[in-house]
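Novice: Structure: entry_4.txt, compact mmCIF, C-alpha atoms.
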# COMPACT_ATOMS: atom_id res chain seq x y z
CA MET T 2 229.99 110.76 70.11
CA THR T 3 230.28 112.01 73.68
CA THR T 4 230.25 108.77 75.63
CA LEU T 5 233.01 107.62 77.95
CA ASN T 6 233.66 104.70 75.59
CA ILE T 7 234.60 107.14 72.81
CA LEU T 8 236.73 109.08 75.31
CA LYS T 9 238.56 105.85 76.15
CA ILE T 10 239.35 105.30 72.46
CA ILE T 11 240.71 108.85 72.19
CA ILE T 12 242.92 108.32 75.26
CA GLU T 13 244.19 104.97 73.93
CA ASN T 14 245.26 106.70 70.71
CA ILE T 15 247.04 109.45 72.63
CA LYS T 16 248.88 106.82 74.68
CA ASN T 17 249.91 104.99 71.51
CA LYS T 18 251.35 108.15 69.96
CA GLU T 19 252.75 110.02 72.96
CA ASN T 20 254.40 109.35 76.29
CA VAL T 21 252.38 111.97 78.13
CA LEU T 22 250.22 109.40 79.98
CA ASN T 23 252.56 106.41 80.01
CA GLN T 24 254.21 107.16 83.34
CA ASN T 25 253.40 107.28 87.03
CA ILE T 26 250.62 109.81 87.49
CA ASP T 27 250.94 112.72 89.89
CA LEU T 28 249.60 116.29 89.97
CA LYS T 29 252.35 117.57 87.67
CA ILE T 30 251.52 114.93 85.04
CA ILE T 31 247.81 115.78 85.29
CA SER T 32 248.40 119.53 84.90
CA ASN T 33 250.87 118.98 82.03
CA PHE T 34 248.31 116.86 80.23
CA PHE T 35 245.66 119.59 80.44
CA LYS T 36 248.28 122.07 79.26
CA LYS T 37 248.54 119.94 76.09
CA VAL T 38 244.74 119.90 75.84
CA LYS T 39 245.07 123.69 75.61
CA THR T 40 248.18 124.09 73.46
CA ASP T 41 247.42 121.22 71.04
CA LYS T 42 243.70 121.92 70.83
CA ASN T 43 243.65 121.93 67.00
CA LYS T 44 244.92 118.34 66.82
CA PHE T 45 242.02 115.94 66.44
CA ASN T 46 242.42 113.99 69.72
CA TYR T 47 242.85 117.11 71.84
CA ALA T 48 240.11 118.94 69.97
CA TYR T 49 237.83 116.07 70.91
CA LEU T 50 238.84 116.38 74.59
CA ASN T 51 238.01 120.09 74.46
CA TYR T 52 234.66 119.26 72.88
CA TYR T 53 233.97 116.57 75.49
CA LEU T 54 234.62 118.97 78.37
CA TYR T 55 232.49 121.65 76.78
CA ASN T 56 229.58 119.40 75.86
CA ASN T 57 229.44 117.44 79.13
CA ILE T 58 230.67 119.91 81.76
CA SER T 59 230.65 123.63 80.95
CA ASN T 60 227.97 124.11 78.30
CA GLU T 61 225.30 126.28 79.94
CA ILE T 62 222.70 123.66 79.01
CA VAL T 63 224.30 121.12 81.39
CA ALA T 64 226.55 123.19 83.67
CA LYS T 65 224.00 123.68 86.46
CA ARG T 66 223.23 119.98 86.74
CA LYS T 67 224.57 118.40 89.91
CA THR T 68 225.76 115.44 87.86
CA THR T 69 228.56 117.43 86.19
CA SER T 70 230.71 116.98 89.30
CA ARG T 71 230.53 113.21 88.94
CA ASP T 72 230.92 113.53 85.16
CA PHE T 73 234.21 115.39 85.60
CA GLU T 74 235.40 112.74 88.05
CA ASP T 75 234.60 110.12 85.39
CA ILE T 76 236.62 112.09 82.84
CA ILE T 77 239.65 112.35 85.11
CA ALA T 78 239.42 108.67 86.03
CA THR T 79 239.13 107.67 82.36
CA ILE T 80 242.06 109.80 81.20
CA PHE T 81 244.42 108.75 83.97
CA ASP T 82 243.22 105.16 84.40
CA GLY T 83 241.89 105.75 87.90
CA SER T 84 238.89 104.57 89.87
CA ILE T 85 236.10 106.54 91.54
CA THR T 86 236.42 106.04 95.29
CA ASP T 87 232.63 106.20 95.76
CA GLU T 88 232.41 102.96 93.79
CA ASN T 89 234.78 101.20 96.15
CA LYS T 90 234.02 100.07 99.66
CA ARG T 91 235.44 102.65 102.04
CA GLU T 92 236.68 101.59 105.43
CA ASN T 93 238.00 103.59 108.37
CA ILE T 94 241.47 102.09 108.20
CA ASN T 95 244.03 104.18 110.07
CA ILE T 96 247.10 103.13 108.10
CA GLU T 97 248.97 106.24 109.25
CA ASN T 98 248.32 105.45 112.94
CA PHE T 99 246.92 108.96 113.35
CA ILE T 100 245.95 109.86 116.93
CA LEU T 101 244.44 113.14 118.11
CA GLU T 102 243.59 113.71 121.79
CA ASN T 103 241.12 110.86 122.22
CA GLU T 104 239.43 107.96 120.47
CA THR T 105 236.28 109.91 119.54
CA ILE T 106 238.09 112.82 117.86
CA THR T 107 240.49 110.42 116.15
CA GLY T 108 237.60 108.34 114.83
CA PHE T 109 235.80 111.35 113.36
CA ALA T 110 239.05 112.57 111.76
CA ILE T 111 239.67 109.19 110.10
CA SER T 112 236.09 109.15 108.80
CA ASN T 113 236.47 112.70 107.39
CA LYS T 114 239.71 111.80 105.62
CA ARG T 115 238.12 108.69 104.13
CA GLU T 116 235.51 110.84 102.37
CA LYS T 117 237.87 113.47 100.91
CA ALA T 118 239.58 111.77 97.96
CA ASP T 119 237.42 111.27 94.87
CA ILE T 120 239.78 109.33 92.61
CA LYS T 121 242.46 106.74 93.20
CA ILE T 122 245.13 106.43 90.52
CA GLY T 123 247.64 103.62 90.55
CA LYS T 124 248.45 101.95 93.82
CA ASP T 125 248.19 104.84 96.24
CA TYR T 126 247.82 108.24 94.53
CA LEU T 127 244.64 110.01 95.65
CA VAL T 128 243.21 113.23 94.28
CA SER T 129 240.21 115.33 95.29
CA ILE T 130 238.06 116.89 92.55
CA LYS T 131 235.94 120.05 92.86
CA THR T 132 233.61 121.37 90.15
CA LEU T 133 231.79 124.68 90.52
CA MET T 134 230.08 127.45 88.58
CA ASN T 135 231.94 130.69 88.01
CA SER T 136 229.32 132.43 90.16
CA ASN T 137 230.14 130.21 93.18
CA LYS T 138 232.51 132.17 95.40
CA GLU T 139 232.96 129.41 97.97
CA ILE T 140 233.98 125.76 97.76
CA ASN T 141 232.31 122.94 99.65
CA PHE T 142 235.06 120.73 101.03
CA GLY T 143 232.67 118.17 102.43
CA SER T 144 232.56 116.71 105.89
CA PHE T 145 234.81 118.31 108.50
CA GLU T 146 233.07 117.22 111.65
CA LYS T 147 232.26 120.28 113.76
CA THR T 148 231.98 118.40 117.05
CA THR T 149 235.46 116.97 116.46
CA LEU T 150 236.87 120.45 116.01
CA PHE T 151 234.92 122.43 118.63
CA SER T 152 234.29 120.01 121.49
CA GLY T 153 235.81 120.99 124.82
CA PHE T 154 235.75 124.74 124.27
CA HIS T 155 232.53 125.41 126.19
CA ILE T 156 230.62 126.49 123.06
CA GLU T 157 228.85 123.20 122.25
CA ARG T 158 225.42 124.78 122.66
CA TYR T 159 226.06 126.98 119.60
CA LEU T 160 227.09 124.22 117.21
CA ASN T 161 223.58 123.20 116.16
CA GLU T 162 222.11 126.69 116.14
CA ARG T 163 222.47 128.31 112.76
CA LYS T 164 220.73 131.46 113.94
CA GLY T 165 222.29 131.52 117.36
CA ILE T 166 220.66 131.50 120.78
CA SER T 167 218.60 134.33 122.29
CA GLY T 168 219.50 136.66 119.46
CA GLU T 169 223.24 136.08 119.82
CA LYS T 170 225.01 136.09 116.47
CA ILE T 171 227.17 133.12 117.38
CA GLY T 172 227.24 129.86 115.44
CA LEU T 173 228.54 128.17 112.32
CA GLY T 174 226.06 129.08 109.57
CA SER T 175 227.69 132.33 108.39
CA LYS T 176 231.06 134.05 108.42
CA VAL T 177 229.85 136.61 110.99
CA ARG T 178 228.54 133.94 113.38
CA LEU T 179 231.65 131.81 112.95
CA PHE T 180 233.89 134.80 113.66
CA ASN T 181 231.96 135.53 116.86
CA LEU T 182 232.22 131.88 117.88
CA LEU T 183 236.00 131.95 117.42
CA LYS T 184 236.23 135.24 119.33
CA LYS T 185 234.35 133.62 122.18
CA ILE T 186 236.97 130.87 122.27
CA GLU T 187 239.73 133.50 122.02
CA LYS T 188 238.65 135.22 125.22
CA ASP T 189 240.75 132.63 126.97
CA ASN T 190 244.00 132.68 124.98
CA LEU T 191 244.95 129.22 126.18
CA LEU T 192 241.71 127.85 124.75
CA TYR T 193 242.31 129.44 121.32
CA SER T 194 245.83 128.06 121.31
CA LYS T 195 244.40 124.61 121.99
CA PHE T 196 241.82 125.12 119.24
CA GLN T 197 244.54 126.18 116.78
CA ILE T 198 246.67 123.15 117.58
CA ARG T 199 243.71 120.81 117.04
CA PHE T 200 242.67 122.59 113.85
CA ASN T 201 246.16 122.35 112.37
CA LYS T 202 246.54 118.67 113.21
CA LEU T 203 243.16 117.89 111.66
CA ILE T 204 243.99 119.92 108.54
CA LYS T 205 247.31 118.11 108.05
CA PHE T 206 245.59 114.75 108.28
CA VAL T 207 242.29 115.30 106.49
CA PHE T 208 243.41 117.51 103.57
CA ALA T 209 246.63 115.76 102.57
CA ASP T 210 245.52 114.81 99.03
CA ASP T 211 246.17 116.91 95.93
CA LEU T 212 243.29 118.95 94.58
CA VAL T 213 241.92 119.68 91.09
CA ILE T 214 239.32 122.45 90.82
CA LEU T 215 237.31 123.12 87.64
CA ILE T 216 235.30 126.32 87.26
CA LYS T 217 232.57 126.21 84.62
CA ASN T 218 231.83 129.29 82.53
CA ASN T 219 230.01 128.12 79.38
CA LYS T 220 232.58 128.29 76.55
CA LYS T 221 235.48 128.52 78.96
CA VAL T 222 236.72 126.54 81.93
CA ASP T 223 239.47 127.37 84.40
CA LEU T 224 241.37 124.47 85.92
CA TYR T 225 243.42 124.83 89.10
CA PHE T 226 245.93 122.24 90.28
CA ILE T 227 246.78 122.53 93.99
CA GLU T 228 249.23 120.39 95.92
CA GLY T 229 247.83 119.03 99.19
CA LYS T 230 250.87 120.25 101.11
CA GLN T 231 250.38 123.80 99.77
CA PHE T 232 246.70 123.76 100.68
CA ILE T 233 247.58 122.61 104.20
CA LYS T 234 250.22 125.33 104.49
CA LEU T 235 247.69 127.97 103.44
CA LEU T 236 245.13 126.87 106.03
CA ILE T 237 247.70 126.65 108.81
CA ASN T 238 249.03 130.11 107.99
CA LYS T 239 245.45 131.42 108.27
CA SER T 240 244.82 129.83 111.67
CA ASN T 241 246.60 132.38 113.89
CA SER T 242 243.50 134.41 114.74
CA PRO T 243 239.73 134.47 114.19
CA GLU T 244 240.21 137.33 111.74
CA GLU T 245 242.65 135.36 109.59
CA LEU T 246 240.76 132.09 109.82
CA THR T 247 237.48 133.61 108.67
CA SER T 248 239.25 135.16 105.69
CA ILE T 249 239.31 131.66 104.22
CA ILE T 250 236.68 129.64 106.13
CA ASN T 251 233.20 131.02 105.54
CA ARG T 252 230.87 128.71 107.44
CA TRP T 253 229.63 125.20 108.12
CA GLU T 254 226.50 123.73 106.57
CA GLY T 255 225.74 120.66 108.62
CA ASN T 256 229.17 119.07 108.90
CA SER T 257 230.30 120.41 105.52
CA ILE T 258 232.95 123.10 105.66
CA ARG T 259 232.63 125.95 103.13
CA MET T 260 235.70 128.00 102.19
CA ASN T 261 236.39 131.22 100.31
CA ARG T 262 237.69 130.18 96.90
CA VAL T 263 239.89 133.24 96.24
CA PRO T 264 242.94 132.51 98.46
CA ILE T 265 242.73 128.81 97.52
CA LEU T 266 242.80 129.43 93.78
CA GLU T 267 245.69 131.85 94.20
CA ILE T 268 248.03 129.01 95.24
CA GLY T 269 247.05 126.77 92.33
CA LYS T 270 248.54 126.32 88.87
CA LYS T 271 245.91 127.70 86.48
CA ILE T 272 245.11 126.42 82.99
CA SER T 273 242.27 128.01 81.05
CA LEU T 274 240.51 126.28 78.16
CA ASP T 275 238.61 128.37 75.63
CA PHE T 276 236.13 126.35 73.57
CA ASN T 277 235.14 129.03 71.05
CA PHE T 278 237.51 127.52 68.46
CA LEU T 279 235.29 124.42 68.25
CA GLU T 280 232.72 126.25 66.13
CA ARG T 281 235.14 126.44 63.19
CA HIS T 282 237.08 123.22 63.83
CA ILE T 283 236.57 120.08 61.75
CA ILE T 284 235.50 118.23 64.91
CA ASN T 285 232.28 120.23 64.76
CA LYS T 286 231.72 119.23 61.13
CA ILE T 287 232.29 115.58 62.03
CA LEU T 288 229.72 115.78 64.80
CA GLU T 289 227.21 117.51 62.54
CA THR T 290 227.78 114.78 59.95
CA GLU T 291 227.20 112.13 62.60
CA LYS T 292 223.81 113.68 63.41
CA GLN T 293 222.87 113.89 59.75
CA ILE T 294 223.85 110.28 59.06
CA SER T 295 221.87 109.12 62.10
CA THR T 296 218.83 110.92 60.65
CA TYR T 297 219.31 109.15 57.32
CA PHE T 298 219.66 105.77 59.05
CA ILE T 299 216.33 106.27 60.80
CA LYS T 300 214.67 107.28 57.54
CA TYR T 301 216.35 104.39 55.71
CA VAL T 302 214.73 101.89 58.07
CA ASN T 303 211.33 103.55 58.23
CA SER T 304 211.03 104.19 54.47
CA TYR T 305 211.52 100.57 53.44
CA PRO T 306 211.20 99.44 50.67
CA ASN T 307 211.45 102.91 49.09
CA ASN T 308 214.66 103.76 50.90
CA ALA T 309 217.40 103.68 48.27
CA ILE T 310 217.77 107.46 48.31
CA TYR T 311 218.82 107.40 51.98
CA LYS T 312 221.60 104.88 51.31
CA GLU T 313 222.96 107.25 48.69
CA LEU T 314 222.73 110.18 51.10
CA ILE T 315 224.58 108.24 53.81
CA PHE T 316 227.44 107.47 51.40
CA GLU T 317 227.45 111.06 50.19
CA GLU T 318 227.78 112.46 53.73
CA CYS T 319 230.54 109.98 54.58
CA ASN T 320 232.48 110.85 51.43
CA LYS T 321 232.19 114.58 52.11
CA ILE T 322 233.54 114.40 55.64
CA LEU T 323 236.29 111.93 54.72
CA LYS T 324 237.39 114.25 51.92
CA ASN T 325 237.42 117.12 54.40
CA ILE T 326 239.51 115.09 56.83
CA ASP T 327 241.98 114.09 54.11
CA THR T 328 242.35 117.73 53.07
CA ASN T 329 243.17 118.78 56.63
CA ILE T 330 244.92 115.62 57.84
CA ASN T 331 248.33 117.25 58.40
CA ASP T 332 246.76 119.71 60.82
CA LEU T 333 244.92 117.00 62.73
CA ILE T 334 247.67 114.49 63.53
Here is the file; what I need is its structure written in the form of structure tokens.
Specialist:
Amino acid sequence: MTTLNILKIIIENIKNKENVLNQNIDLKIISNFFKKVKTDKNKFNYAYLNYYLYNNISNEIVAKRKTTSRDFEDIIATIFDGSITDENKRENINIENFILENETITGFAISNKREKADIKIGKDYLVSIKTLMNSNKEINFGSFEKTTLFSGFHIERYLNERKGISGEKIGLGSKVRLFNLLKKIEKDNLLYSKFQIRFNKLIKFVFADDLVILIKNNKKVDLYFIEGKQFIKLLINKSNSPEELTSIINRWEGNSIRMNRVPILEIGKKISLDFNFLERHIINKILETEKQISTYFIKYVNSYPNNAIYKELIFEECNKILKNIDTNINDLI
């Protein structure tokens, strides 16, 4: 009972009863919907959504799997009738006519932007999704091409050296090395000013989409909803010096930029979901009944022709759970 097809049925029923999803989707609509998932958690449809998130995303049995990131994207796309951008052909189309310094830098920037959004909703609303464990203190924001950002500052020889050259602690693979790299650029103030201008222009272009971050913590998840323009503002405000910039940017791993999650989460709207209630909710009894009935079906087939008892047990289980639902129906709808 945890497939996307069942989730689609739940969402269809919510749409038929409420107006919460029958409007143009934006970040406010998405956050308001998850607020209802929290506040209306005892209602059957929202209880199921809580169960789905727990069972497929945050449960410690599955949480460390790399697939949960894609699973959460599937959930968001299913709820808000979106499409996963990885499933669509991506092209470097510069519809904004963005230009930065030269053709090479511009091309890399367009390619980086193309990879950022994870879900497209409606005609042109794009949102980026991040899923991480509670123990992860940094967020991988994917490709932010280092050569694009650092070329022309006379430090190219350090860009591929994670451990630095000749014992120098200069590079991109740690916060300390990155800080030293930026300080090297800062020695000529005009060069750092040029770096800052390029950084800010790239940030404005590449990170324009809204952001949803989910933090997994077994029977609890924290969701953060961050407007793209607020994220851009945060990064630009941190770009004035190497000290400020490395308070939010930790390092590069390949071309992937890793950032400190703390200042980013602080600018988001937070909604926490606590799944402990599921243990005593009727949704748990329904799921247990489903497992029991499945067991009886298997025995019914394999015990033929002496299988009459299992037919009776199937009916008995169905009657028990239906009676339980009828007793609690006013609390579930």
Novice: Kindly indicate which residue among T:Asp275, T:Glu187, T:Asp332, T:Glu318 lies nearest to Glu291 (chain T), using only C-alpha atoms for the distances.
Specialist: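 Result for the nearest residue to Glu291 (chain T): T:Glu318.
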Novice: Ranking T:Glu228, T:Lys138, T:Lys42, T:Ile284 by minimum distance to Pro264 (chain T) and counting only C-alpha atoms, which one comes first?
Specialist: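 Nearest to Pro264 (chain T): T:Lys138.
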Novice: As JSON, numbers by chain, please: the residues near Asn181 (chain T) (cut-off 12 Å, only C-alpha atoms, same-chain neighbours under 5 positions excluded).
Specialist: {"T": [156, 159, 165, 169, 170, 171, 172, 173, 174, 175, 176, 186, 187, 188, 242, 243, 244, 246, 247, 252]}
Novice: Might I get the box with edges along x, y and z of the file that holds all atoms of region 123-129 of chain T listed there, padded by 4 Å on every side, given as centre and edge lengths in Å to one decimal, as JSON?
Specialist:
{"center_x": 244.3, "center_y": 108.6, "center_z": 93.4, "size_x": 16.2, "size_y": 21.4, "size_z": 13.7}
Novice: Between T:Ile237, T:Ile330, T:Ile249, T:Leu215, single out the one closest to Tyr55 (chain T), counting only C-alpha atoms.
Specialist: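 Among T:Ile237, T:Ile330, T:Ile249, T:Leu215, it is T:Leu215 that comes nearest to Tyr55 (chain T).
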Novice: May I have the residues within 10 Å of Leu224 (chain T) as a PyMOL selection string, using only C-alpha atoms and disregarding those fewer than 5 positions away in the same chain?
Specialist: chain T and resi 32+35-36+131-132+213-217+266+269-274
Novice: I need the chosen residues saved as a PDB file, keeping the file's coordinate frame, with C-alpha atoms.
Specialist:
ATOM      1  CA  SER T  32     248.400 119.530  84.900  1.00  0.00           C
ATOM      2  CA  PHE T  35     245.660 119.590  80.440  1.00  0.00           C
ATOM      3  CA  LYS T  36     248.280 122.070  79.260  1.00  0.00           C
ATOM      4  CA  LYS T 131     235.940 120.050  92.860  1.00  0.00           C
ATOM      5  CA  THR T 132     233.610 121.370  90.150  1.00  0.00           C
ATOM      6  CA  VAL T 213     241.920 119.680  91.090  1.00  0.00           C
ATOM      7  CA  ILE T 214     239.320 122.450  90.820  1.00  0.00           C
ATOM      8  CA  LEU T 215     237.310 123.120  87.640  1.00  0.00           C
ATOM      9  CA  ILE T 216     235.300 126.320  87.260  1.00  0.00           C
ATOM     10  CA  LYS T 217     232.570 126.210  84.620  1.00  0.00           C
ATOM     11  CA  LEU T 266     242.800 129.430  93.780  1.00  0.00           C
ATOM     12  CA  GLY T 269     247.050 126.770  92.330  1.00  0.00           C
ATOM     13  CA  LYS T 270     248.540 126.320  88.870  1.00  0.00           C
ATOM     14  CA  LYS T 271     245.910 127.700  86.480  1.00  0.00           C
ATOM     15  CA  ILE T 272     245.110 126.420  82.990  1.00  0.00           C
ATOM     16  CA  SER T 273     242.270 128.010  81.050  1.00  0.00           C
ATOM     17  CA  LEU T 274     240.510 126.280  78.160  1.00  0.00           C
TER      18      LEU T 274
END
Novice: Got a sec: who's within 12 Å of Phe154 (chain T), counting only C-alpha atoms, leaving out chain neighbours fewer than 2 positions off, as a list in words?
Specialist: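 Near neighbours after the sequence-gap exclusion: Lys147, Thr148, Thr149, Leu150, Phe151, Ser152, Ile156, Glu157, Arg158, Tyr159, Leu160, Leu182, Leu183, Lys184, Lys185, Ile186, Glu187, Lys188, Asp189, Asn190, Leu191, Leu192, Tyr193, Ser194, Lys195, Phe196, Gln197 and Arg199 of chain T.
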Novice: Would you list the residues near (245.4, 106.0, 91.3), meaning any protein, DNA or RNA residue with an atom at most 10 Å from that point in file coordinates, counting only C-alpha atoms, as a PyMOL selection string?
Specialist: chain T and resi 25-27+78+81-86+120-128
Novice: Kindly provide, as a list of chain:residue names, the polymer residues lying within 12 Å of (230.9, 135.2, 89.8), counting all atoms listed in the file and using the coordinates exactly as they appear in the file.
Specialist: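 These residues have at least one counted atom within 12 Å: T:Leu133, T:Met134, T:Asn135, T:Ser136, T:Asn137, T:Lys138, T:Glu139, T:Ile216, T:Lys217, T:Asn218, T:Arg262, T:Val263.
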Novice: Let's have the selection written as a PDB file, keeping the file's coordinate frame, with C-alpha atoms.
Specialist:
ATOM      1  CA  LEU T 133     231.790 124.680  90.520  1.00  0.00           C
ATOM      2  CA  MET T 134     230.080 127.450  88.580  1.00  0.00           C
ATOM      3  CA  ASN T 135     231.940 130.690  88.010  1.00  0.00           C
ATOM      4  CA  SER T 136     229.320 132.430  90.160  1.00  0.00           C
ATOM      5  CA  ASN T 137     230.140 130.210  93.180  1.00  0.00           C
ATOM      6  CA  LYS T 138     232.510 132.170  95.400  1.00  0.00           C
ATOM      7  CA  GLU T 139     232.960 129.410  97.970  1.00  0.00           C
ATOM      8  CA  ILE T 216     235.300 126.320  87.260  1.00  0.00           C
ATOM      9  CA  LYS T 217     232.570 126.210  84.620  1.00  0.00           C
ATOM     10  CA  ASN T 218     231.830 129.290  82.530  1.00  0.00           C
ATOM     11  CA  ARG T 262     237.690 130.180  96.900  1.00  0.00           C
ATOM     12  CA  VAL T 263     239.890 133.240  96.240  1.00  0.00           C
TER      13      VAL T 263
END
Novice: Just checking: using only C-alpha atoms, which residue out of T:Ile30, T:Ile283, T:Ile294, T:Ile310 ends up closest to Lys44 (chain T)?
Specialist: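 Looking only at the distances to Lys44 (chain T), the closest residue turns out to be T:Ile283.
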Novice: What's the separation between CA of Ser257 (chain T) and CA of Ile140 (chain T), in Å to one decimal place?
Specialist: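 Separation between CA of Ser257 (chain T) and CA of Ile140 (chain T): 10.1 Å.
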Novice: For CA of Ile31 (chain T) and CA of Asp72 (chain T), determine how far apart the two atoms are, in Å to one decimal place.
Specialist: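 One can read the CA of Ile31 (chain T) to CA of Asp72 (chain T) distance as 17.0 Å.
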Novice: Would you mind listing what lies within 6 Å of Ile258 (chain T) as a PDB file with C-alpha atoms, in the coordinates of the input, with all atoms listed in the file counted and same-chain residues fewer than 6 positions away left out?
Specialist:
ATOM      1  CA  PHE T 142     235.060 120.730 101.030  1.00  0.00           C
ATOM      2  CA  GLY T 143     232.670 118.170 102.430  1.00  0.00           C
ATOM      3  CA  PHE T 145     234.810 118.310 108.500  1.00  0.00           C
TER       4      PHE T 145
END
Novice: Have a look at T:Asp41, T:Glu74, T:Glu313, T:Glu280 and name the one nearest to Phe298 (chain T); count all atoms listed in the file.
Specialist: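 Residue with the minimum atom-to-atom distance to Phe298 (chain T): T:Glu313.
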Novice: If we count only C-alpha atoms and set the cut-off at 12 Å, which residues sit around Ile11 (chain T), ignoring sequence neighbours fewer than 5 positions away in its own chain? Please answer as a tab-separated table (two decimals) with C-alpha atoms, in the frame of the given file.
Specialist:
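Saved as around_38.tsv:
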chain	number	residue	atom	x	y	z
T	2	MET	CA	229.99	110.76	70.11
T	3	THR	CA	230.28	112.01	73.68
T	4	THR	CA	230.25	108.77	75.63
T	5	LEU	CA	233.01	107.62	77.95
T	6	ASN	CA	233.66	104.70	75.59
T	16	LYS	CA	248.88	106.82	74.68
T	17	ASN	CA	249.91	104.99	71.51
T	18	LYS	CA	251.35	108.15	69.96
T	44	LYS	CA	244.92	118.34	66.82
T	45	PHE	CA	242.02	115.94	66.44
T	46	ASN	CA	242.42	113.99	69.72
T	47	TYR	CA	242.85	117.11	71.84
T	48	ALA	CA	240.11	118.94	69.97
T	49	TYR	CA	237.83	116.07	70.91
T	50	LEU	CA	238.84	116.38	74.59
T	51	ASN	CA	238.01	120.09	74.46
T	53	TYR	CA	233.97	116.57	75.49
T	76	ILE	CA	236.62	112.09	82.84
T	79	THR	CA	239.13	107.67	82.36
T	80	ILE	CA	242.06	109.80	81.20
Novice: Interatomic distance between CA of Ile130 (chain T) and CA of Ile265 (chain T)?
Specialist: 13.7 Å
Novice: Measuring atom to atom with all atoms listed in the file, identify which of T:Lys286, T:Ile250, T:Lys221, T:Gly153 is nearest to Ile326 (chain T).
Specialist: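 So, comparing all the options, the nearest one is T:Lys286.
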